[in-house]
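Trainee: What follows is the file structure.cif, containing mmCIF, C-alpha atoms:
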data_start
#
loop_
_atom_site.group_PDB
_atom_site.id
_atom_site.type_symbol
_atom_site.label_atom_id
_atom_site.label_comp_id
_atom_site.auth_asym_id
_atom_site.auth_seq_id
_atom_site.Cartn_x
_atom_site.Cartn_y
_atom_site.Cartn_z
ATOM 1 C CA MET A 27 22.507 3.168 -50.164
ATOM 2 C CA LYS A 28 19.214 4.037 -48.478
ATOM 3 C CA TYR A 29 19.502 5.514 -45.015
ATOM 4 C CA LEU A 30 16.762 4.747 -42.531
ATOM 5 C CA THR A 31 15.228 6.990 -39.885
ATOM 6 C CA GLY A 32 15.555 5.735 -36.333
ATOM 7 C CA ILE A 33 15.559 7.772 -33.136
ATOM 8 C CA ARG A 34 17.023 11.170 -33.878
ATOM 9 C CA ALA A 35 19.597 12.163 -31.272
ATOM 10 C CA GLU A 36 18.806 15.870 -31.633
ATOM 11 C CA GLN A 37 15.048 15.438 -30.980
ATOM 12 C CA PRO A 38 14.398 11.989 -29.554
ATOM 13 C CA VAL A 39 11.262 12.596 -27.477
ATOM 14 C CA ALA A 40 8.669 12.127 -30.253
ATOM 15 C CA ASP A 41 10.607 9.198 -31.712
ATOM 16 C CA ILE A 42 10.817 7.445 -28.342
ATOM 17 C CA GLN A 43 7.094 8.022 -27.792
ATOM 18 C CA ALA A 44 6.414 6.351 -31.140
ATOM 19 C CA ALA A 45 8.730 3.473 -30.189
ATOM 20 C CA LEU A 46 6.827 2.994 -26.933
ATOM 21 C CA GLU A 47 3.544 2.817 -28.835
ATOM 22 C CA ARG A 48 4.994 0.216 -31.233
ATOM 23 C CA PHE A 49 6.193 -1.805 -28.248
ATOM 24 C CA GLU A 50 2.675 -1.765 -26.790
ATOM 25 C CA ARG A 51 1.123 -2.950 -30.050
ATOM 26 C CA ARG A 52 3.711 -5.691 -30.525
ATOM 27 C CA PHE A 53 3.260 -7.200 -27.072
ATOM 28 C CA GLY A 54 -0.385 -6.251 -26.524
ATOM 29 C CA VAL A 55 0.393 -4.378 -23.296
ATOM 30 C CA THR A 56 -0.034 -0.923 -21.809
ATOM 31 C CA LEU A 57 3.211 0.685 -20.653
ATOM 32 C CA THR A 58 3.344 2.878 -17.569
ATOM 33 C CA ILE A 59 6.562 4.772 -16.844
ATOM 34 C CA HIS A 60 7.449 6.076 -13.410
ATOM 35 C CA ASP A 61 10.166 8.708 -13.769
ATOM 36 C CA CYS A 62 11.460 8.319 -10.230
ATOM 37 C CA ARG A 63 13.458 11.534 -10.061
ATOM 38 C CA GLY A 64 11.273 13.655 -12.334
ATOM 39 C CA VAL A 65 14.227 14.240 -14.625
ATOM 40 C CA PHE A 66 12.574 13.659 -18.008
ATOM 41 C CA CYS A 67 10.711 16.913 -18.483
ATOM 42 C CA PHE A 68 11.011 20.250 -20.216
ATOM 43 C CA SER A 69 12.145 23.435 -18.480
ATOM 44 C CA ASP A 70 8.579 24.326 -17.406
ATOM 45 C CA GLY A 71 8.161 20.948 -15.720
ATOM 46 C CA SER A 72 5.923 19.403 -18.393
ATOM 47 C CA PRO A 73 6.851 15.730 -18.906
ATOM 48 C CA PHE A 74 8.401 14.271 -22.040
ATOM 49 C CA PHE A 75 5.794 11.491 -22.014
ATOM 50 C CA PRO A 76 2.529 12.966 -20.689
ATOM 51 C CA GLY A 77 -0.044 10.550 -19.357
ATOM 52 C CA ARG A 78 2.342 7.632 -18.955
ATOM 53 C CA TRP A 79 2.756 8.034 -15.209
ATOM 54 C CA ILE A 80 -0.746 6.753 -14.512
ATOM 55 C CA HIS A 81 -1.813 3.162 -15.234
ATOM 56 C CA ARG A 82 -3.988 3.805 -18.288
ATOM 57 C CA HIS A 83 -5.206 0.275 -18.999
ATOM 58 C CA GLU A 84 -8.999 0.031 -18.966
ATOM 59 C CA TYR A 85 -8.907 -2.472 -16.113
ATOM 60 C CA CYS A 86 -6.904 -0.041 -13.971
ATOM 61 C CA MET A 87 -8.932 3.033 -14.854
ATOM 62 C CA ARG A 88 -12.468 1.598 -14.669
ATOM 63 C CA GLY A 89 -14.051 3.012 -11.514
ATOM 64 C CA ARG A 90 -10.766 4.296 -10.123
ATOM 65 C CA PHE A 91 -11.888 7.901 -9.686
ATOM 66 C CA GLU A 92 -15.591 7.227 -9.279
ATOM 67 C CA ARG A 93 -15.619 4.771 -6.382
ATOM 68 C CA SER A 94 -14.657 5.699 -2.849
ATOM 69 C CA SER A 95 -11.120 4.665 -1.824
ATOM 70 C CA TRP A 96 -10.255 2.969 -5.132
ATOM 71 C CA ASN A 97 -7.752 5.617 -6.216
ATOM 72 C CA ARG A 98 -6.103 5.475 -2.788
ATOM 73 C CA ARG A 99 -5.822 1.684 -2.990
ATOM 74 C CA CYS A 100 -4.329 1.870 -6.495
ATOM 75 C CA HIS A 101 -1.882 4.507 -5.287
ATOM 76 C CA GLU A 102 -0.838 2.401 -2.314
ATOM 77 C CA ALA A 103 -0.472 -0.803 -4.350
ATOM 78 C CA CYS A 104 1.612 0.576 -7.229
ATOM 79 C CA MET A 105 2.935 4.063 -6.543
ATOM 80 C CA LEU A 106 4.009 3.212 -3.022
ATOM 81 C CA GLY A 107 4.171 -0.567 -2.676
ATOM 82 C CA ALA A 108 5.471 -1.789 -6.037
ATOM 83 C CA ASP A 109 7.674 1.272 -6.570
ATOM 84 C CA ALA A 110 9.284 0.774 -3.166
ATOM 85 C CA MET A 111 9.969 -2.880 -3.974
ATOM 86 C CA ALA A 112 11.493 -1.953 -7.357
ATOM 87 C CA ARG A 113 13.765 0.657 -5.799
ATOM 88 C CA ARG A 114 14.776 -1.589 -2.938
ATOM 89 C CA SER A 115 15.586 -4.693 -4.975
ATOM 90 C CA GLY A 116 16.521 -3.160 -8.344
ATOM 91 C CA ARG A 117 15.229 -6.404 -9.893
ATOM 92 C CA PRO A 118 12.246 -7.095 -12.190
ATOM 93 C CA PHE A 119 9.248 -8.892 -10.730
ATOM 94 C CA LEU A 120 5.589 -9.721 -11.387
ATOM 95 C CA HIS A 121 3.294 -7.464 -9.367
ATOM 96 C CA THR A 122 -0.345 -8.237 -8.577
ATOM 97 C CA CYS A 123 -2.505 -5.275 -7.582
ATOM 98 C CA TRP A 124 -5.498 -5.241 -5.241
ATOM 99 C CA LYS A 125 -7.810 -5.872 -8.212
ATOM 100 C CA ALA A 126 -5.862 -9.074 -9.008
ATOM 101 C CA GLY A 127 -4.423 -7.610 -12.204
ATOM 102 C CA ALA A 128 -0.775 -8.457 -12.867
ATOM 103 C CA GLU A 129 1.981 -6.334 -14.412
ATOM 104 C CA VAL A 130 5.631 -6.988 -15.185
ATOM 105 C CA VAL A 131 7.620 -4.382 -13.223
ATOM 106 C CA VAL A 132 11.070 -3.532 -14.590
ATOM 107 C CA PRO A 133 13.298 -1.025 -12.757
ATOM 108 C CA VAL A 134 15.944 0.688 -14.863
ATOM 109 C CA GLN A 135 19.050 1.596 -12.926
ATOM 110 C CA GLN A 136 21.862 4.050 -13.349
ATOM 111 C CA LYS A 137 24.939 3.924 -11.124
ATOM 112 C CA GLY A 138 23.164 1.712 -8.602
ATOM 113 C CA GLY A 139 20.019 3.835 -8.298
ATOM 114 C CA THR A 140 16.606 3.315 -9.877
ATOM 115 C CA VAL A 141 15.800 6.069 -12.377
ATOM 116 C CA LEU A 142 12.815 4.659 -14.290
ATOM 117 C CA ILE A 143 10.286 1.947 -13.500
ATOM 118 C CA PHE A 144 8.305 0.289 -16.289
ATOM 119 C CA TYR A 145 4.964 -1.403 -15.671
ATOM 120 C CA ALA A 146 3.790 -3.635 -18.547
ATOM 121 C CA GLY A 147 0.343 -5.238 -18.471
ATOM 122 C CA VAL A 148 -2.356 -5.772 -17.501
ATOM 123 C CA PHE A 149 -2.544 -9.584 -17.277
ATOM 124 C CA ARG A 150 -4.758 -12.079 -15.509
ATOM 125 C CA SER A 151 -2.851 -12.996 -12.376
ATOM 126 C CA GLY A 152 -4.500 -16.267 -11.443
ATOM 127 C CA GLU A 153 -5.692 -14.784 -8.157
ATOM 128 C CA MET A 154 -9.362 -14.193 -7.473
ATOM 129 C CA PRO A 155 -10.391 -10.527 -7.756
ATOM 130 C CA PRO A 156 -12.183 -9.051 -4.743
ATOM 131 C CA GLU A 157 -15.900 -9.682 -4.558
ATOM 132 C CA GLU A 158 -16.632 -5.974 -4.316
ATOM 133 C CA LEU A 159 -15.772 -5.471 -7.995
ATOM 134 C CA PRO A 160 -18.880 -4.967 -10.153
ATOM 135 C CA ALA A 161 -19.884 -7.647 -12.640
ATOM 136 C CA GLU A 162 -18.584 -5.778 -15.689
ATOM 137 C CA LEU A 163 -15.157 -5.414 -14.104
ATOM 138 C CA LEU A 164 -15.069 -9.091 -13.126
ATOM 139 C CA LYS A 165 -15.889 -9.924 -16.731
ATOM 140 C CA LEU A 166 -13.089 -7.641 -17.915
ATOM 141 C CA HIS A 167 -10.680 -9.374 -15.508
ATOM 142 C CA ASP A 168 -11.596 -12.768 -16.964
ATOM 143 C CA SER A 169 -10.838 -11.452 -20.467
ATOM 144 C CA LEU A 170 -7.311 -10.313 -19.565
ATOM 145 C CA PRO A 171 -4.545 -12.360 -21.216
ATOM 146 C CA PRO A 172 -2.298 -14.606 -19.123
ATOM 147 C CA CYS A 173 1.398 -13.823 -18.756
ATOM 148 C CA ASP A 174 3.507 -16.968 -18.973
ATOM 149 C CA GLU A 175 7.160 -17.149 -18.001
ATOM 150 C CA LYS A 176 8.399 -16.796 -21.575
ATOM 151 C CA LEU A 177 6.473 -13.546 -22.058
ATOM 152 C CA GLN A 178 7.676 -12.264 -18.691
ATOM 153 C CA GLU A 179 11.294 -12.897 -19.718
ATOM 154 C CA GLU A 180 10.827 -11.226 -23.119
ATOM 155 C CA LEU A 181 9.193 -8.152 -21.619
ATOM 156 C CA THR A 182 11.877 -7.882 -18.933
ATOM 157 C CA ALA A 183 14.827 -8.122 -21.315
ATOM 158 C CA GLU A 184 13.400 -5.721 -23.896
ATOM 159 C CA LEU A 185 12.284 -3.156 -21.329
ATOM 160 C CA GLN A 186 15.721 -3.169 -19.708
ATOM 161 C CA LEU A 187 17.306 -2.466 -23.094
ATOM 162 C CA LEU A 188 14.639 0.110 -23.968
ATOM 163 C CA GLY A 189 15.099 1.855 -20.641
ATOM 164 C CA GLN A 190 18.857 2.155 -20.976
ATOM 165 C CA GLY A 191 18.424 3.489 -24.501
ATOM 166 C CA MET A 192 15.917 6.082 -23.273
ATOM 167 C CA LEU A 193 18.301 7.186 -20.554
ATOM 168 C CA SER A 194 21.091 7.613 -23.076
ATOM 169 C CA PHE A 195 19.060 9.570 -25.643
ATOM 170 C CA LEU A 196 17.203 11.741 -23.163
ATOM 171 C CA GLU A 197 20.164 12.465 -20.917
ATOM 172 C CA ASN A 198 22.080 13.532 -24.006
ATOM 173 C CA LEU A 199 19.196 15.845 -24.955
ATOM 174 C CA ILE A 200 18.926 17.339 -21.461
ATOM 175 C CA VAL A 201 22.634 17.779 -20.878
ATOM 176 C CA ARG A 202 23.977 18.873 -24.202
ATOM 177 C CA GLY A 203 21.272 21.123 -25.632
ATOM 178 C CA GLY A 204 23.555 22.015 -28.528
ATOM 179 C CA LEU A 205 26.731 22.103 -26.438
ATOM 180 C CA PRO A 206 29.856 20.320 -27.712
ATOM 181 C CA GLU A 207 29.916 16.852 -26.151
ATOM 182 C CA HIS A 208 33.140 17.217 -24.160
ATOM 183 C CA SER A 209 32.923 20.925 -23.420
ATOM 184 C CA ARG A 210 33.280 22.135 -19.850
ATOM 185 C CA ALA A 211 29.681 23.378 -19.859
ATOM 186 C CA ALA A 212 28.387 19.953 -20.926
ATOM 187 C CA GLN A 213 30.470 18.290 -18.211
ATOM 188 C CA ILE A 214 28.967 20.579 -15.575
ATOM 189 C CA LEU A 215 25.402 19.905 -16.732
ATOM 190 C CA PHE A 216 26.098 16.185 -16.950
ATOM 191 C CA PHE A 217 27.265 16.133 -13.334
ATOM 192 C CA ILE A 218 24.202 18.035 -12.123
ATOM 193 C CA THR A 219 21.812 15.827 -14.129
ATOM 194 C CA ARG A 220 23.382 12.681 -12.693
ATOM 195 C CA HIS A 221 23.565 13.887 -9.085
ATOM 196 C CA ALA A 222 20.839 16.494 -8.463
ATOM 197 C CA HIS A 223 18.885 13.957 -6.391
ATOM 198 C CA GLU A 224 21.815 13.707 -3.970
ATOM 199 C CA GLU A 225 23.190 16.137 -1.398
ATOM 200 C CA ILE A 226 25.990 17.572 -3.525
ATOM 201 C CA SER A 227 28.053 20.731 -3.444
ATOM 202 C CA LEU A 228 30.602 22.609 -5.493
ATOM 203 C CA ARG A 229 33.289 20.485 -3.835
ATOM 204 C CA GLU A 230 32.006 17.270 -5.468
ATOM 205 C CA LEU A 231 31.707 18.963 -8.864
ATOM 206 C CA ALA A 232 35.261 20.305 -8.588
ATOM 207 C CA ALA A 233 36.577 16.864 -7.684
ATOM 208 C CA SER A 234 34.801 15.263 -10.661
ATOM 209 C CA LEU A 235 36.348 17.855 -12.995
ATOM 210 C CA HIS A 236 39.779 17.676 -11.310
ATOM 211 C CA LEU A 237 39.682 21.392 -10.544
ATOM 212 C CA SER A 238 40.111 23.475 -7.437
ATOM 213 C CA GLU A 239 36.868 24.750 -5.925
ATOM 214 C CA THR A 240 37.810 28.325 -6.819
ATOM 215 C CA HIS A 241 38.539 27.483 -10.450
ATOM 216 C CA CYS A 242 35.402 25.362 -10.655
ATOM 217 C CA CYS A 243 33.284 28.221 -9.288
ATOM 218 C CA HIS A 244 34.710 30.524 -11.971
ATOM 219 C CA GLN A 245 33.981 27.931 -14.680
ATOM 220 C CA VAL A 246 30.341 27.620 -13.668
ATOM 221 C CA ARG A 247 29.850 31.379 -13.634
ATOM 222 C CA TYR A 248 31.712 31.788 -16.921
ATOM 223 C CA HIS A 249 29.535 29.256 -18.765
ATOM 224 C CA PHE A 250 26.171 29.879 -17.115
ATOM 225 C CA GLY A 251 26.316 33.302 -15.497
ATOM 226 C CA VAL A 252 25.104 31.963 -12.141
ATOM 227 C CA SER A 253 26.516 30.071 -9.176
ATOM 228 C CA PHE A 254 26.637 26.294 -8.896
ATOM 229 C CA GLN A 255 23.979 26.393 -6.168
ATOM 230 C CA ARG A 256 21.651 28.427 -8.400
ATOM 231 C CA LEU A 257 22.138 25.991 -11.285
ATOM 232 C CA LEU A 258 21.460 23.044 -8.982
ATOM 233 C CA THR A 259 18.355 24.654 -7.469
ATOM 234 C CA GLU A 260 16.911 25.386 -10.919
ATOM 235 C CA GLU A 261 17.358 21.747 -11.915
ATOM 236 C CA ARG A 262 15.747 20.520 -8.709
ATOM 237 C CA MET A 263 12.792 22.866 -9.164
ATOM 238 C CA ARG A 264 12.317 21.713 -12.753
ATOM 239 C CA ARG A 265 12.008 18.140 -11.499
ATOM 240 C CA ALA A 266 9.807 19.140 -8.560
ATOM 241 C CA ARG A 267 7.315 20.892 -10.841
ATOM 242 C CA ASN A 268 7.155 17.776 -12.999
ATOM 243 C CA LEU A 269 6.530 15.457 -10.051
ATOM 244 C CA LEU A 270 3.967 17.754 -8.443
ATOM 245 C CA ALA A 271 1.982 18.296 -11.624
ATOM 246 C CA ASN A 272 2.057 14.779 -13.000
ATOM 247 C CA THR A 273 2.158 12.375 -10.057
ATOM 248 C CA ASP A 274 0.437 11.707 -6.752
ATOM 249 C CA LYS A 275 3.744 11.353 -4.929
ATOM 250 C CA PRO A 276 3.704 12.597 -1.333
ATOM 251 C CA LEU A 277 5.797 15.702 -0.712
ATOM 252 C CA LYS A 278 8.127 13.690 1.498
ATOM 253 C CA LEU A 279 9.084 11.465 -1.457
ATOM 254 C CA ILE A 280 9.391 14.386 -3.857
ATOM 255 C CA ALA A 281 11.747 16.119 -1.436
ATOM 256 C CA SER A 282 13.908 13.001 -1.282
ATOM 257 C CA ASP A 283 13.856 12.416 -5.035
ATOM 258 C CA THR A 284 14.901 15.987 -5.792
ATOM 259 C CA GLY A 285 17.837 15.996 -3.376
ATOM 260 C CA LEU A 286 16.304 18.192 -0.679
ATOM 261 C CA ARG A 287 16.659 17.168 2.937
ATOM 262 C CA ASN A 288 13.048 16.883 4.089
ATOM 263 C CA GLU A 289 9.516 17.994 3.349
ATOM 264 C CA CYS A 290 9.750 21.246 5.324
ATOM 265 C CA TYR A 291 12.975 22.330 3.652
ATOM 266 C CA PHE A 292 11.626 21.322 0.244
ATOM 267 C CA SER A 293 8.437 23.351 0.798
ATOM 268 C CA ARG A 294 10.425 26.400 1.892
ATOM 269 C CA ILE A 295 12.724 26.280 -1.150
ATOM 270 C CA PHE A 296 9.833 25.614 -3.534
ATOM 271 C CA ARG A 297 7.823 28.570 -2.216
ATOM 272 C CA ARG A 298 10.873 30.833 -2.431
ATOM 273 C CA GLU A 299 11.576 29.817 -6.028
ATOM 274 C CA ASN A 300 8.013 29.586 -7.365
ATOM 275 C CA GLY A 301 6.043 32.045 -5.265
ATOM 276 C CA ILE A 302 3.536 29.455 -4.019
ATOM 277 C CA SER A 303 3.647 26.324 -1.883
ATOM 278 C CA PRO A 304 4.028 22.851 -3.432
ATOM 279 C CA GLY A 305 0.444 22.023 -2.463
ATOM 280 C CA GLN A 306 -0.902 25.183 -4.122
ATOM 281 C CA TYR A 307 1.126 24.454 -7.247
ATOM 282 C CA ARG A 308 -0.206 20.884 -7.440
ATOM 283 C CA ARG A 309 -3.805 22.050 -7.030
ATOM 284 C CA GLU A 310 -3.374 24.712 -9.702
ATOM 285 C CA MET A 311 -1.914 22.192 -12.149
ATOM 286 C CA LEU A 312 -4.800 19.812 -11.450
ATOM 287 C CA ARG A 313 -7.273 22.644 -12.051
ATOM 288 C CA ARG A 314 -5.663 23.498 -15.386
ATOM 289 C CA ALA A 315 -5.646 19.840 -16.404
ATOM 290 C CA GLU A 316 -9.373 19.587 -15.626
ATOM 291 C CA ILE A 317 -10.062 22.676 -17.761
ATOM 292 C CA ARG A 318 -8.084 21.180 -20.665
ATOM 293 C CA ARG A 319 -10.001 17.902 -20.389
ATOM 294 C CA SER A 320 -13.372 19.660 -20.251
ATOM 295 C CA ASN A 321 -12.501 21.792 -23.281
ATOM 296 C CA SER A 322 -11.110 18.944 -25.378
ATOM 297 C CA PRO A 323 -13.384 17.479 -28.074
ATOM 298 C CA GLN A 324 -15.111 14.256 -27.025
#
So that I can check it, write out the structure of this file as structure tokens.
Mentor:
Amino acid sequence: MKYLTGIRAEQPVADIQAALERFERRFGVTLTIHDCRGVFCFSDGSPFFPGRWIHRHEYCMRGRFERSSWNRRCHEACMLGADAMARRSGRPFLHTCWKAGAEVVVPVQQKGGTVLIFYAGVFRSGEMPPEELPAELLKLHDSLPPCDEKLQEELTAELQLLGQGMLSFLENLIVRGGLPEHSRAAQILFFITRHAHEEISLRELAASLHLSETHCCHQVRYHFGVSFQRLLTEERMRRARNLLANTDKPLKLIASDTGLRNECYFSRIFRRENGISPGQYRREMLRRAEIRRSNSPQ
């Protein structure tokens, strides 16, 4: 019998990245992934799938950072508008941006909340692009493929399955980290991973483990050497660093998505934990990214 190599449970990130690239080639699309809660990143905040937060298709990128207001309009159309619709409805839909490019938007949910949002495209929407677009971009729009209902249904179904598979593999990687699957330590990490975006306390963890708060507190300290609140804060800061460095999300949304009450409280906790404000951290990460781009071979 010949065994085949699929996605390796112990190191799935590279295998999932390769699967995403195969998906793009098979359907002729560019996949964008919005990690709503910033959960899929390494301990330093670097994302599992770098570069996939931004819409990388040539039609999206052409002129985006060179022309006044274009980046803001893209941000408002997709990051704010389409993302808000996906979170609110939890249902897939066809989104047309201000440039009249269309993408299939597929939210992936977990326990009633949207965790990931896929954007697959770009397609010709059938709407007229704005007259302000230069001739070369209008020509590129006309060359985009159409997206009929059959293709929309295929993309939706496969992305829903792909998204749930990603959640399973990556959550297992984040939570277990070599821990026995049903160990108390794994159960604690699983609870925090699933609920760090909510206002939770030791009481909720104790209830989920069917322990008293006192016993639960001792279990957390025994397995991790720190308090539950410290463990929770570290997880929230890991996600915050990811979202600050790799997205244009406003601080208000990042505060909400990392389980902190409001922007002011989020900023205070972030500065306490990281030594600088969220805005300073974002600017520093942007500066480092620019240096890497300028030093990379053309």
Trainee: Suppose a student applies the PyMOL selection byres ((chain A and resi 307-311) around 12) to this structure; what residues should they get, written as a PyMOL selection string?
Mentor: chain A and resi 70-72+263+266-277+293+296-297+299-306+312-318
Trainee: Distance CA of Glu225 (chain A)-CA of Thr284 (chain A), one decimal place?
Mentor: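 Answer for the CA of Glu225 (chain A) to CA of Thr284 (chain A) separation: 9.4 Å.
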Trainee: If I take CA of Arg114 (chain A) and CA of Glu197 (chain A), how far is one from the other in Å, to one decimal?
Mentor: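 Between these atoms lies a distance of 23.4 Å.
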Trainee: So, counting all atoms listed in the file, which residue among A:Pro73, A:Met111, A:Ile226, A:His241 is closest to Thr259 (chain A)?
Mentor: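 The shortest atom-to-atom distance to Thr259 (chain A) comes from A:Ile226.
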Trainee: I'd like the interatomic distance between CA of Phe216 (chain A) and CA of Ala232 (chain A), to a tenth of an Å.
Mentor: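 Rounded to one decimal, the two atoms are 13.1 Å apart.
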Trainee: Quick one: residues within 10 Å of Thr219 (chain A), only C-alpha atoms counted, chain neighbours fewer than 4 positions away excluded, as JSON, numbers by chain?
Mentor: {"A": [65, 197, 200, 201, 213, 214, 215, 223, 258, 261, 262]}
Trainee: Applying the PyMOL selection byres ((chain A and resi 158) around 12) to the file I just gave you, which residues come out? Please list them as a ChimeraX atom specification.
Mentor: /A:89,93-94,96,124-125,154-157,159-164
Trainee: Rank A:Val148, A:His167, A:Pro76, A:Thr58 by their smallest atom-to-atom distance to Met105 (chain A), using all atoms listed in the file, and report the top residue only.
Mentor: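 The shortest atom-to-atom distance to Met105 (chain A) comes from A:Thr58.
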Trainee: Centre and edge lengths, as lines of an AutoDock Vina configuration file, for the axis-aligned box enclosing every listed atom of region 116-124 of chain A with 8 Å of padding on each of the six sides, in Å to one decimal?
Mentor:
center_x = 5.5
center_y = -6.4
center_z = -8.7
size_x = 38.0
size_y = 22.6
size_z = 22.9
Trainee: Using only C-alpha atoms, which residue out of A:Val39, A:Ala110, A:Ile80, A:Ala126 lies closest to Asn97 (chain A)?
Mentor: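 Of the candidates, the smallest distance to Asn97 (chain A) is held by A:Ile80.
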Trainee: From the options A:Cys290, A:Cys62, A:Val130, A:Leu106, which residue's atoms come nearest to Glu175 (chain A), counting all atoms listed in the file?
Mentor: A:Val130
Trainee: Step by step, work through what the PyMOL selection byres ((chain A and resi 27-32) around 10) selects in the shown file, and finish by giving those residues as a JSON list (two decimals) with C-alpha atoms, in the coordinates of the input.
Mentor:
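Final output, saved to selection-v3.json:
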[["chain", "number", "residue", "atom", "x", "y", "z"],
["A", 33, "ILE", "CA", 15.56, 7.77, -33.14],
["A", 34, "ARG", "CA", 17.02, 11.17, -33.88],
["A", 35, "ALA", "CA", 19.60, 12.16, -31.27],
["A", 38, "PRO", "CA", 14.40, 11.99, -29.55],
["A", 41, "ASP", "CA", 10.61, 9.20, -31.71],
["A", 42, "ILE", "CA", 10.82, 7.44, -28.34],
["A", 45, "ALA", "CA", 8.73, 3.47, -30.19]]
Trainee: Pick from A:Tyr145, A:Tyr85, A:Tyr248, A:Phe75: nearest to Ala108 (chain A), with only C-alpha atoms counted?
Mentor: A:Tyr145
Trainee: Go through A:Arg90, A:Arg82, A:Arg298, A:Arg48 and flag the residue nearest Glu260 (chain A), using only C-alpha atoms for the distances.
Mentor: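 The closest residue to Glu260 (chain A) is A:Arg298.
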